[in-house]
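**Q** The structure file protein-v6.cif (mmCIF, C-alpha atoms and all ligand atoms) is provided below.
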data_protein
loop_
_atom_site.label_atom_id
_atom_site.label_comp_id
_atom_site.auth_asym_id
_atom_site.auth_seq_id
_atom_site.Cartn_x
_atom_site.Cartn_y
_atom_site.Cartn_z
CA THR P 1 1.25 6.96 25.83
CA ALA P 2 2.30 5.57 22.49
CA GLN P 3 4.96 6.85 20.12
CA ILE P 4 3.19 8.33 17.09
CA ILE P 5 4.59 6.80 13.90
CA ASP P 6 5.12 9.67 11.46
CA GLY P 7 4.09 8.39 8.04
CA LYS P 8 4.36 11.82 6.49
CA ALA P 9 8.03 12.12 7.43
CA GLN P 10 8.78 8.54 6.37
CA ALA P 11 7.04 9.10 3.03
CA GLU P 12 8.98 12.30 2.49
CA ALA P 13 12.28 10.51 3.14
CA LEU P 14 11.27 7.77 0.74
CA ARG P 15 10.35 10.26 -1.99
CA ALA P 16 13.65 12.09 -1.48
CA ALA P 17 15.51 8.79 -1.90
CA VAL P 18 13.54 8.03 -5.07
CA ALA P 19 14.27 11.50 -6.45
CA GLY P 20 17.99 11.00 -5.78
CA GLU P 21 18.01 7.64 -7.56
CA VAL P 22 16.03 9.02 -10.51
CA ALA P 23 18.62 11.78 -10.94
CA ARG P 24 21.43 9.22 -10.74
CA LEU P 25 19.81 6.94 -13.34
CA LYS P 26 19.39 9.89 -15.69
CA ALA P 27 23.02 10.97 -15.24
CA ASP P 28 24.58 7.48 -15.36
CA HIS P 29 22.24 5.60 -17.70
CA GLY P 30 20.42 8.32 -19.64
CA PHE P 31 16.82 7.34 -18.97
CA VAL P 32 13.92 8.63 -16.92
CA PRO P 33 11.48 6.09 -15.40
CA GLY P 34 7.85 6.49 -16.48
CA LEU P 35 4.63 5.61 -14.64
CA ALA P 36 1.39 5.20 -16.58
CA VAL P 37 -1.82 5.64 -14.58
CA VAL P 38 -5.13 4.65 -16.13
CA LEU P 39 -8.41 6.01 -14.81
CA VAL P 40 -11.77 4.91 -16.18
CA GLY P 41 -14.77 7.05 -15.29
CA GLU P 42 -15.44 9.88 -12.87
CA ASP P 43 -15.23 8.39 -9.36
CA PRO P 44 -14.34 11.47 -7.25
CA ALA P 45 -12.01 9.66 -4.80
CA SER P 46 -10.21 7.91 -7.69
CA LYS P 47 -9.75 11.23 -9.48
CA VAL P 48 -8.08 12.69 -6.38
CA TYR P 49 -5.79 9.64 -6.03
CA VAL P 50 -4.82 9.71 -9.70
CA SER P 51 -3.99 13.41 -9.70
CA SER P 52 -1.86 13.17 -6.54
CA LYS P 53 -0.07 10.13 -7.99
CA ALA P 54 0.70 12.09 -11.17
CA LYS P 55 1.82 15.17 -9.22
CA GLN P 56 4.18 13.22 -6.96
CA THR P 57 5.55 11.22 -9.91
CA VAL P 58 6.62 14.46 -11.57
CA GLU P 59 7.97 15.85 -8.28
CA VAL P 60 10.49 13.00 -7.98
CA GLY P 61 11.62 13.61 -11.56
CA MET P 62 9.87 10.69 -13.27
CA ASN P 63 7.59 10.86 -16.30
CA SER P 64 3.87 10.64 -15.63
CA ILE P 65 1.69 9.24 -18.40
CA GLU P 66 -2.00 9.74 -17.64
CA HIS P 67 -4.84 8.03 -19.47
CA LYS P 68 -8.28 9.26 -18.45
CA LEU P 69 -10.95 7.23 -20.19
CA ASP P 70 -14.67 7.71 -20.50
CA VAL P 71 -16.87 5.66 -18.14
CA ALA P 72 -18.33 3.92 -21.21
CA THR P 73 -14.92 2.58 -22.32
CA THR P 74 -15.23 -1.08 -23.28
CA GLU P 75 -13.19 -3.85 -21.69
CA ALA P 76 -11.67 -4.56 -25.12
CA ASP P 77 -10.52 -0.94 -25.51
CA LEU P 78 -9.00 -0.93 -22.02
CA LEU P 79 -7.20 -4.22 -22.72
CA ALA P 80 -5.89 -2.77 -25.98
CA LEU P 81 -4.50 0.26 -24.13
CA ILE P 82 -2.78 -2.00 -21.61
CA GLY P 83 -1.27 -3.97 -24.47
CA LYS P 84 0.20 -0.75 -25.86
CA LEU P 85 1.57 0.32 -22.47
CA ASN P 86 3.09 -3.15 -21.98
CA ALA P 87 4.96 -2.74 -25.27
CA ASP P 88 6.00 0.89 -24.72
CA PRO P 89 9.66 1.07 -23.63
CA ALA P 90 9.08 4.51 -22.03
CA VAL P 91 6.60 2.94 -19.58
CA ASP P 92 8.15 1.23 -16.53
CA GLY P 93 5.08 1.01 -14.35
CA ILE P 94 1.37 0.57 -15.12
CA LEU P 95 -1.33 1.27 -12.59
CA VAL P 96 -5.03 0.84 -13.31
CA GLN P 97 -6.99 2.77 -10.71
CA LEU P 98 -9.63 0.63 -8.99
CA PRO P 99 -12.58 0.33 -8.78
CA LEU P 100 -13.34 -0.11 -12.48
CA PRO P 101 -16.89 0.35 -13.85
CA LYS P 102 -19.05 -2.74 -13.36
CA HIS P 103 -19.10 -3.74 -17.05
CA ILE P 104 -15.32 -4.34 -16.92
CA ASP P 105 -13.80 -7.48 -15.36
CA SER P 106 -11.07 -6.07 -13.04
CA ALA P 107 -9.34 -9.42 -12.63
CA LYS P 108 -8.99 -9.79 -16.39
CA VAL P 109 -7.57 -6.27 -16.66
CA LEU P 110 -5.05 -6.76 -13.83
CA GLU P 111 -3.85 -10.04 -15.36
CA ALA P 112 -3.29 -8.24 -18.69
CA ILE P 113 -0.60 -5.99 -17.17
CA ALA P 114 2.94 -7.23 -17.84
CA PRO P 115 4.12 -8.59 -14.44
CA ASP P 116 7.40 -6.67 -14.67
CA LYS P 117 5.44 -3.40 -14.99
CA ASP P 118 2.86 -4.33 -12.34
CA VAL P 119 3.74 -1.64 -9.78
CA ASP P 120 0.60 -2.38 -7.74
CA GLY P 121 1.81 -5.98 -7.26
CA PHE P 122 -1.68 -7.39 -7.89
CA HIS P 123 -0.88 -9.68 -10.84
CA VAL P 124 -1.12 -13.40 -9.96
CA VAL P 125 2.50 -13.86 -11.03
CA ASN P 126 3.68 -11.32 -8.47
CA VAL P 127 1.27 -12.62 -5.82
CA GLY P 128 2.56 -16.15 -6.46
CA LYS P 129 6.19 -15.09 -6.36
CA LEU P 130 5.69 -13.33 -3.02
CA ALA P 131 3.94 -16.41 -1.64
CA THR P 132 6.75 -18.73 -2.77
CA GLY P 133 9.59 -16.55 -1.54
CA GLN P 134 10.74 -15.28 -4.94
CA TRP P 135 11.55 -11.67 -5.67
CA SER P 136 8.52 -9.69 -6.89
CA LEU P 137 6.94 -6.28 -7.00
CA VAL P 138 4.79 -6.03 -3.85
CA PRO P 139 1.55 -4.13 -3.17
CA CYS P 140 2.16 -0.51 -2.16
CA THR P 141 0.12 -0.15 1.04
CA PRO P 142 1.51 -3.29 2.75
CA TYR P 143 5.02 -2.39 1.58
CA GLY P 144 4.62 1.09 3.09
CA SER P 145 3.37 -0.47 6.32
CA MET P 146 6.47 -2.70 6.46
CA ILE P 147 8.73 0.33 6.03
CA LEU P 148 6.97 2.01 8.97
CA LEU P 149 7.46 -1.13 11.07
CA ARG P 150 11.16 -1.20 10.20
CA ALA P 151 11.49 2.46 11.20
CA THR P 152 9.77 1.74 14.51
CA LEU P 153 11.04 -1.71 15.52
CA GLY P 154 14.08 -2.48 13.37
CA LYS P 155 14.17 -6.27 12.98
CA LEU P 156 10.80 -8.01 13.14
CA ALA P 157 11.96 -11.64 13.39
CA GLY P 158 10.13 -13.72 15.99
CA LYS P 159 7.44 -11.15 16.69
CA GLU P 160 3.82 -12.17 17.04
CA ALA P 161 1.89 -10.38 14.24
CA VAL P 162 -1.88 -10.29 13.80
CA VAL P 163 -3.43 -8.89 10.61
CA VAL P 164 -7.15 -8.15 10.79
CA GLY P 165 -8.52 -8.33 7.24
CA ARG P 166 -7.78 -10.71 4.35
CA SER P 167 -8.30 -8.65 1.21
CA ASN P 168 -6.07 -9.26 -1.79
CA ILE P 169 -4.86 -5.67 -1.77
CA VAL P 170 -4.00 -5.24 1.91
CA GLY P 171 -4.56 -8.08 4.40
CA LYS P 172 -3.13 -11.05 2.48
CA PRO P 173 -0.01 -9.35 1.07
CA MET P 174 0.64 -7.73 4.47
CA ALA P 175 0.55 -11.18 6.09
CA GLN P 176 2.93 -12.53 3.41
CA LEU P 177 5.40 -9.70 4.00
CA LEU P 178 5.30 -10.19 7.79
CA LEU P 179 5.92 -13.90 7.24
CA LYS P 180 8.82 -13.09 4.94
CA ALA P 181 10.15 -10.88 7.77
CA ASN P 182 10.08 -13.99 10.02
CA CYS P 183 7.13 -12.98 12.20
CA THR P 184 4.65 -15.51 13.58
CA VAL P 185 1.59 -14.45 11.60
CA THR P 186 -2.13 -14.78 12.28
CA ILE P 187 -4.69 -13.58 9.74
CA ALA P 188 -8.01 -12.67 11.36
CA HIS P 189 -11.20 -11.86 9.47
CA SER P 190 -14.97 -11.57 9.66
CA ARG P 191 -15.35 -15.24 10.74
CA THR P 192 -12.62 -15.19 13.40
CA GLN P 193 -13.80 -16.25 16.85
CA ASP P 194 -12.95 -14.10 19.87
CA LEU P 195 -11.18 -11.46 17.81
CA PRO P 196 -10.28 -9.33 20.88
CA ALA P 197 -8.31 -12.24 22.37
CA VAL P 198 -6.56 -12.92 19.06
CA CYS P 199 -5.59 -9.24 18.76
CA ARG P 200 -4.26 -9.19 22.33
CA ARG P 201 -1.58 -11.72 21.34
CA ALA P 202 -0.07 -9.27 18.87
CA ASP P 203 3.28 -7.51 19.23
CA ILE P 204 2.39 -6.10 15.80
CA LEU P 205 -1.31 -5.44 15.19
CA VAL P 206 -2.38 -4.46 11.67
CA ALA P 207 -5.96 -3.30 11.11
CA ALA P 208 -7.27 -3.44 7.49
CA VAL P 209 -10.99 -3.91 8.00
CA GLY P 210 -12.75 -0.89 6.52
CA ILE P 211 -14.92 -0.25 9.62
CA PRO P 212 -14.36 3.05 11.46
CA GLU P 213 -12.67 2.62 14.88
CA PHE P 214 -13.40 -1.11 14.86
CA VAL P 215 -10.36 -2.23 16.90
CA LYS P 216 -10.81 -1.20 20.52
CA GLY P 217 -8.19 -0.02 22.98
CA ASP P 218 -8.50 -3.09 25.20
CA TRP P 219 -7.76 -5.37 22.22
CA VAL P 220 -4.23 -3.95 22.15
CA LYS P 221 -1.46 -5.69 24.09
CA PRO P 222 0.42 -3.16 26.24
CA GLY P 223 3.47 -1.94 24.32
CA ALA P 224 2.32 -3.35 20.96
CA THR P 225 2.96 -1.58 17.64
CA VAL P 226 -0.34 -0.75 15.91
CA ILE P 227 -0.53 -0.16 12.15
CA ASP P 228 -3.90 1.28 11.17
CA VAL P 229 -4.45 0.89 7.43
CA GLY P 230 -8.07 2.05 7.51
CA ILE P 231 -9.23 5.24 5.84
CA ASN P 232 -12.88 5.97 6.63
CA ARG P 233 -14.73 9.22 6.09
CA VAL P 234 -17.24 9.83 8.89
CA PRO P 235 -19.51 12.72 9.92
CA ALA P 236 -17.83 15.31 12.19
CA PRO P 237 -20.66 17.44 13.60
CA GLU P 238 -18.16 18.94 16.08
CA LYS P 239 -16.52 20.68 13.09
CA GLY P 240 -19.82 22.12 11.90
CA GLU P 241 -22.94 20.95 10.12
CA GLY P 242 -22.31 18.57 7.20
CA LYS P 243 -18.55 18.36 7.94
CA THR P 244 -16.64 15.09 7.79
CA LYS P 245 -13.27 13.75 8.94
CA LEU P 246 -11.04 10.75 8.33
CA VAL P 247 -10.65 8.03 10.95
CA GLY P 248 -8.88 4.70 10.86
CA ASP P 249 -10.01 1.16 11.65
CA VAL P 250 -8.63 1.55 15.20
CA ASP P 251 -10.08 3.54 18.11
CA TYR P 252 -7.02 5.75 18.11
CA ALA P 253 -7.48 7.63 21.40
CA ALA P 254 -8.02 4.45 23.40
CA ALA P 255 -5.36 2.40 21.60
CA ALA P 256 -2.73 5.14 22.00
CA GLU P 257 -3.10 4.79 25.78
CA VAL P 258 -1.98 1.16 25.62
CA ALA P 259 0.20 0.73 22.52
CA GLY P 260 3.95 1.27 22.37
CA ALA P 261 3.64 2.92 18.98
CA ILE P 262 0.75 3.67 16.63
CA THR P 263 0.09 5.17 13.19
CA PRO P 264 -2.33 8.11 13.13
CA VAL P 265 -5.06 8.57 10.50
CA PRO P 266 -4.46 10.68 8.52
CA GLY P 267 -0.66 10.89 8.44
CA GLY P 268 0.29 7.26 9.01
CA VAL P 269 0.02 4.53 6.37
CA GLY P 270 -1.83 6.78 3.89
CA PRO P 271 1.12 8.92 2.75
CA MET P 272 3.32 5.81 2.39
CA THR P 273 1.15 4.30 -0.34
CA ILE P 274 2.07 6.76 -3.11
CA ALA P 275 5.69 6.92 -1.93
CA THR P 276 6.05 3.14 -2.29
CA LEU P 277 4.28 3.31 -5.67
CA LEU P 278 7.05 5.66 -6.84
CA GLY P 279 9.59 3.31 -5.27
CA ASN P 280 8.07 0.34 -7.11
CA THR P 281 8.24 2.25 -10.41
CA LEU P 282 11.93 2.96 -9.82
CA ILE P 283 12.58 -0.67 -8.85
CA ALA P 284 10.68 -1.92 -11.93
CA ALA P 285 12.68 0.44 -14.17
CA CYS P 286 15.98 -0.92 -12.80
CA GLN P 287 14.86 -4.55 -12.81
CA ARG P 288 13.67 -4.43 -16.43
CA ARG P 289 17.04 -3.01 -17.55
CA GLY P 290 19.08 -5.49 -15.54
CA LEU P 291 20.36 -2.78 -13.18
CA ALA P 292 20.90 -3.43 -9.46
CA ALA P 293 18.09 -2.44 -7.10
CA PRO P 294 18.51 1.13 -5.81
CA ALA P 295 20.59 1.15 -2.59
CA TYR P 296 17.86 2.62 -0.38
CA PHE P 297 15.46 -0.19 -1.24
CA ALA P 298 18.10 -2.90 -1.11
CA GLU P 299 18.82 -1.78 2.46
CA ILE P 300 15.13 -1.92 3.42
CA ASP P 301 14.88 -5.43 1.97
CA ARG P 302 18.01 -6.57 3.76
CA ASP P 303 16.90 -5.20 7.15
CA LEU P 304 13.42 -6.65 6.91
CA PHE P 305 13.83 -9.92 5.11
CA ARG P 306 17.27 -11.36 5.97
P1 LIG Z 401 -11.89 -4.99 2.17
O1 LIG Z 401 -13.29 -4.54 2.44
O2 LIG Z 401 -11.55 -5.55 0.84
O3 LIG Z 401 -11.48 -6.08 3.25
C1 LIG Z 401 -11.85 -5.95 4.59
C2 LIG Z 401 -11.45 -7.18 5.35
O4 LIG Z 401 -11.86 -7.00 6.71
C3 LIG Z 401 -12.09 -8.45 4.84
O5 LIG Z 401 -11.09 -9.38 4.54
C4 LIG Z 401 -12.95 -8.97 6.00
O6 LIG Z 401 -12.76 -10.37 6.25
C5 LIG Z 401 -12.43 -8.19 7.18
N1 LIG Z 401 -13.55 -7.87 8.07
C6 LIG Z 401 -14.73 -7.31 7.74
N2 LIG Z 401 -15.52 -7.25 8.82
C7 LIG Z 401 -14.85 -7.79 9.84
C8 LIG Z 401 -15.16 -8.05 11.19
N3 LIG Z 401 -16.33 -7.72 11.71
N4 LIG Z 401 -14.21 -8.63 11.96
C9 LIG Z 401 -13.02 -8.98 11.44
N5 LIG Z 401 -12.67 -8.78 10.17
C10 LIG Z 401 -13.59 -8.20 9.37
O7 LIG Z 401 -10.98 -3.73 2.54
P2 LIG Z 401 -9.46 -3.39 2.12
O8 LIG Z 401 -9.44 -3.00 0.70
O9 LIG Z 401 -8.55 -4.43 2.62
O10 LIG Z 401 -9.24 -2.05 2.96
C11 LIG Z 401 -9.25 -2.05 4.38
C12 LIG Z 401 -9.16 -0.62 4.88
O11 LIG Z 401 -7.94 -0.06 4.46
C13 LIG Z 401 -10.24 0.32 4.36
O12 LIG Z 401 -10.54 1.24 5.40
C14 LIG Z 401 -9.56 1.05 3.22
O13 LIG Z 401 -10.09 2.32 3.01
C15 LIG Z 401 -8.16 1.13 3.74
N6 LIG Z 401 -7.12 1.21 2.69
C16 LIG Z 401 -6.15 2.15 2.85
C17 LIG Z 401 -5.13 2.27 1.93
C18 LIG Z 401 -4.06 3.27 2.13
O14 LIG Z 401 -3.50 3.78 1.19
N7 LIG Z 401 -3.69 3.58 3.35
C19 LIG Z 401 -5.10 1.41 0.82
C20 LIG Z 401 -6.08 0.44 0.68
C21 LIG Z 401 -7.08 0.35 1.63
#
As a first step, turn the structure in this file into structure tokens.
Ligand code: NAD
**A**
Amino acid sequence: TAQIIDGKAQAEALRAAVAGEVARLKADHGFVPGLAVVLVGEDPASKVYVSSKAKQTVEVGMNSIEHKLDVATTEADLLALIGKLNADPAVDGILVQLPLPKHIDSAKVLEAIAPDKDVDGFHVVNVGKLATGQWSLVPCTPYGSMILLRATLGKLAGKEAVVVGRSNIVGKPMAQLLLKANCTVTIAHSRTQDLPAVCRRADILVAAVGIPEFVKGDWVKPGATVIDVGINRVPAPEKGEGKTKLVGDVDYAAAAEVAGAITPVPGGVGPMTIATLLGNTLIAACQRRGLAAPAYFAEIDRDLFR
């Protein structure tokens, strides 16, 4: 059966590296990186994400700047806040928690963030730079997935990679990063024909679909590395009435019989997302001040992308 890829341990190592670099920057250069997180409204899942982001930011020694705004906040007020954060030298990273209330145009808000503080990597400038092979901040979940692949496989060059899903936040940037790592990349989606056969080609199979246990065990090529990005809450009557549990986009039990290595849910890609967010904030802080990229991240980049 498959090696279980330990995202919790990898995320911990990443956070420890960030903490070390933050301490070094403070000692050598006299500044502390700051991450501003903006939450609009009361979405319960978003509130949980925002508070764990803030907690982990502080744990690695960085400053956390939280802005919790009323659900009735206007687009103009939100844009004004982003303008202030863009201009604030104490702010190195800006993250606007999605989804935003319907009366606010998310695209407009994301494009208002200064690209060099765009630690989510969603701004068109960063998306365009990634697509044209220039250095950029890259989206956290795909970046975390790449770090797990490096830990599992080392070099990825020449591997056949299939990404199921083409969202702007996961599927597309994941495909770009795999391409940058010299994989042969296929992006599959809701209109793909004979998806099981396409998936069976993959040495690296990434599932980012948003449908519980969608990818079946017999879609996995024997020995393949499976990265399950999905986080789906489903009923778990076996745990008691009204109970729920988290499952991925892959039928884990069946896929683990066939795969060479696989990420569990929870405990796989999930924990990497906040760790890479902290990493991006550190990288942005260095980049903006003309300092070299922190060694730990430079090494990751070199291993994956050279
Ligand atoms: P999305 O809904 O924006 O995109 C889903 C993609 O799946 C679409 O591009 C669509 O073409 C494709 N798809 C839908 N039905 C399909 C089908 N029948 N066959 C093939 N492809 C199909 O979702 P997303 O934002 O990319 O998120 C994907 C999953 O990843 C979700 O479960 C989400 O919760 C999870 N997620 C996890 C993290 C994390 O931190 N680990 C971060 C973001 C998203």
**Q** Looking at only C-alpha atoms, which of P:Val234, P:Gly144, P:Cys286, P:Asp301 is the one that sits closest to Lys180 in chain P?
**A**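 For Lys180 in chain P, the nearest of the given residues is P:Asp301.
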**Q** Show me, as a tab-separated table, the residues of chain P having an atom within 6 Å of ligand LIG 401 (chain Z), each with the closest atom pair and its distance in Å, using all atoms listed in the file.
**A**
residue	atom	partner	partner_atom	distance
P:Thr141	CA	Z:LIG401	O14	5.3
P:Val164	CA	Z:LIG401	N5	5.6
P:Gly165	CA	Z:LIG401	O4	3.6
P:Arg166	CA	Z:LIG401	O5	3.6
P:Ser167	CA	Z:LIG401	O5	4.4
P:Ile169	CA	Z:LIG401	O8	5.8
P:Val170	CA	Z:LIG401	O9	4.7
P:Gly171	CA	Z:LIG401	O9	5.7
P:His189	CA	Z:LIG401	N5	3.5
P:Ser190	CA	Z:LIG401	N5	3.7
P:Ala208	CA	Z:LIG401	C11	3.9
P:Val209	CA	Z:LIG401	O4	3.5
P:Gly210	CA	Z:LIG401	O12	3.3
P:Val229	CA	Z:LIG401	O11	4.7
P:Gly230	CA	Z:LIG401	O12	3.3
P:Ile231	CA	Z:LIG401	O13	4.2
P:Asn232	CA	Z:LIG401	O12	5.4
P:Val269	CA	Z:LIG401	N7	4.9
P:Gly270	CA	Z:LIG401	N7	3.7
P:Thr273	CA	Z:LIG401	O14	4.9
**Q** So that I can see what lies close to Gly267 in chain P, please list as a PDB file with C-alpha atoms, in the frame of the given file the residues with an atom at most 9 Å from it, counting all atoms listed in the file and leaving out residues fewer than 6 positions away in the same chain.
**A**
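Here's the written file selection-v7.pdb:
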ATOM      1  CA  ILE P   5       4.590   6.800  13.900  1.00  0.00           C
ATOM      2  CA  ASP P   6       5.120   9.670  11.460  1.00  0.00           C
ATOM      3  CA  GLY P   7       4.090   8.390   8.040  1.00  0.00           C
ATOM      4  CA  LYS P   8       4.360  11.820   6.490  1.00  0.00           C
ATOM      5  CA  ALA P   9       8.030  12.120   7.430  1.00  0.00           C
TER       6      ALA P   9
END
**Q** Find the residues around Glu111 in chain P up to 10 Å (only C-alpha atoms counted), leave out those fewer than 5 positions away in its own chain, and share them as a list in words.
**A**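 Counting only the stated atoms, we get Leu79, Ser106, Asp118, Phe122, His123, Val124 and Val125 of chain P.
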**Q** Please, could you write that set of residues out with C-alpha atoms as a CSV table (one decimal), in the coordinates of the input?
**A**
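Heads up, here's the output in selection-v1.csv:
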chain,number,residue,atom,x,y,z
P,79,LEU,CA,-7.2,-4.2,-22.7
P,106,SER,CA,-11.1,-6.1,-13.0
P,118,ASP,CA,2.9,-4.3,-12.3
P,122,PHE,CA,-1.7,-7.4,-7.9
P,123,HIS,CA,-0.9,-9.7,-10.8
P,124,VAL,CA,-1.1,-13.4,-10.0
P,125,VAL,CA,2.5,-13.9,-11.0
**Q** Please provide the set of residues having any atom within 8 Å of range 15-25 of chain P, restricted to all atoms listed in the file, with same-chain residues fewer than 4 positions apart removed, written as a PDB file with C-alpha atoms, keeping the file's coordinate frame.
**A**
ATOM      1  CA  ALA P  11       7.040   9.100   3.030  1.00  0.00           C
ATOM      2  CA  HIS P  29      22.240   5.600 -17.700  1.00  0.00           C
ATOM      3  CA  GLY P  30      20.420   8.320 -19.640  1.00  0.00           C
ATOM      4  CA  PHE P  31      16.820   7.340 -18.970  1.00  0.00           C
ATOM      5  CA  VAL P  32      13.920   8.630 -16.920  1.00  0.00           C
ATOM      6  CA  PRO P  33      11.480   6.090 -15.400  1.00  0.00           C
ATOM      7  CA  GLU P  59       7.970  15.850  -8.280  1.00  0.00           C
ATOM      8  CA  VAL P  60      10.490  13.000  -7.980  1.00  0.00           C
ATOM      9  CA  GLY P  61      11.620  13.610 -11.560  1.00  0.00           C
ATOM     10  CA  MET P  62       9.870  10.690 -13.270  1.00  0.00           C
ATOM     11  CA  ALA P 275       5.690   6.920  -1.930  1.00  0.00           C
ATOM     12  CA  LEU P 278       7.050   5.660  -6.840  1.00  0.00           C
ATOM     13  CA  GLY P 279       9.590   3.310  -5.270  1.00  0.00           C
ATOM     14  CA  LEU P 282      11.930   2.960  -9.820  1.00  0.00           C
ATOM     15  CA  PRO P 294      18.510   1.130  -5.810  1.00  0.00           C
ATOM     16  CA  TYR P 296      17.860   2.620  -0.380  1.00  0.00           C
TER      17      TYR P 296
END
**Q** Which residue out of P:Leu130, P:Ala107, P:Val162, P:Leu14 has the minimum interatomic distance to Ala295 in chain P when only C-alpha atoms are used?
**A** P:Leu14
**Q** What does the distance from CA of Ala2 in chain P to CA of Val206 in chain P come to in Å, to one decimal?
**A**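 Those two atoms sit 15.5 Å apart.
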**Q** N, CA and C atoms are what I want for range 245-260 of chain P; can you complete it accordingly and write them as a short mmCIF file (atom, residue, chain, number, x, y, z; two decimals), in the frame of the given file?
**A**
data_model
loop_
_atom_site.label_atom_id
_atom_site.label_comp_id
_atom_site.auth_asym_id
_atom_site.auth_seq_id
_atom_site.Cartn_x
_atom_site.Cartn_y
_atom_site.Cartn_z
N LYS P 245 -14.70 13.92 8.65
CA LYS P 245 -13.27 13.75 8.94
C LYS P 245 -12.87 12.32 8.61
N LEU P 246 -11.55 12.09 8.58
CA LEU P 246 -11.04 10.75 8.33
C LEU P 246 -10.68 10.08 9.65
N VAL P 247 -11.11 8.83 9.80
CA VAL P 247 -10.65 8.03 10.95
C VAL P 247 -10.18 6.67 10.42
N GLY P 248 -9.40 6.00 11.24
CA GLY P 248 -8.88 4.70 10.86
C GLY P 248 -9.81 3.57 11.28
N ASP P 249 -9.28 2.35 11.22
CA ASP P 249 -10.01 1.16 11.65
C ASP P 249 -9.75 0.86 13.13
N VAL P 250 -8.98 1.73 13.80
CA VAL P 250 -8.63 1.55 15.20
C VAL P 250 -9.18 2.74 15.98
N ASP P 251 -9.70 2.47 17.19
CA ASP P 251 -10.08 3.54 18.11
C ASP P 251 -8.79 4.17 18.62
N TYR P 252 -8.36 5.21 17.92
CA TYR P 252 -7.02 5.75 18.11
C TYR P 252 -6.78 6.22 19.54
N ALA P 253 -7.70 7.03 20.08
CA ALA P 253 -7.48 7.63 21.40
C ALA P 253 -7.27 6.55 22.45
N ALA P 254 -8.11 5.52 22.40
CA ALA P 254 -8.02 4.45 23.40
C ALA P 254 -6.78 3.59 23.16
N ALA P 255 -6.49 3.26 21.90
CA ALA P 255 -5.36 2.40 21.60
C ALA P 255 -4.03 3.08 21.93
N ALA P 256 -3.97 4.40 21.73
CA ALA P 256 -2.73 5.14 22.00
C ALA P 256 -2.38 5.13 23.48
N GLU P 257 -3.35 4.89 24.34
CA GLU P 257 -3.10 4.79 25.78
C GLU P 257 -2.33 3.52 26.13
N VAL P 258 -2.49 2.49 25.30
CA VAL P 258 -1.98 1.16 25.62
C VAL P 258 -0.77 0.78 24.76
N ALA P 259 -0.82 1.17 23.49
CA ALA P 259 0.20 0.73 22.52
C ALA P 259 1.56 1.34 22.84
N GLY P 260 2.61 0.69 22.30
CA GLY P 260 3.95 1.27 22.37
C GLY P 260 4.15 2.30 21.28
#
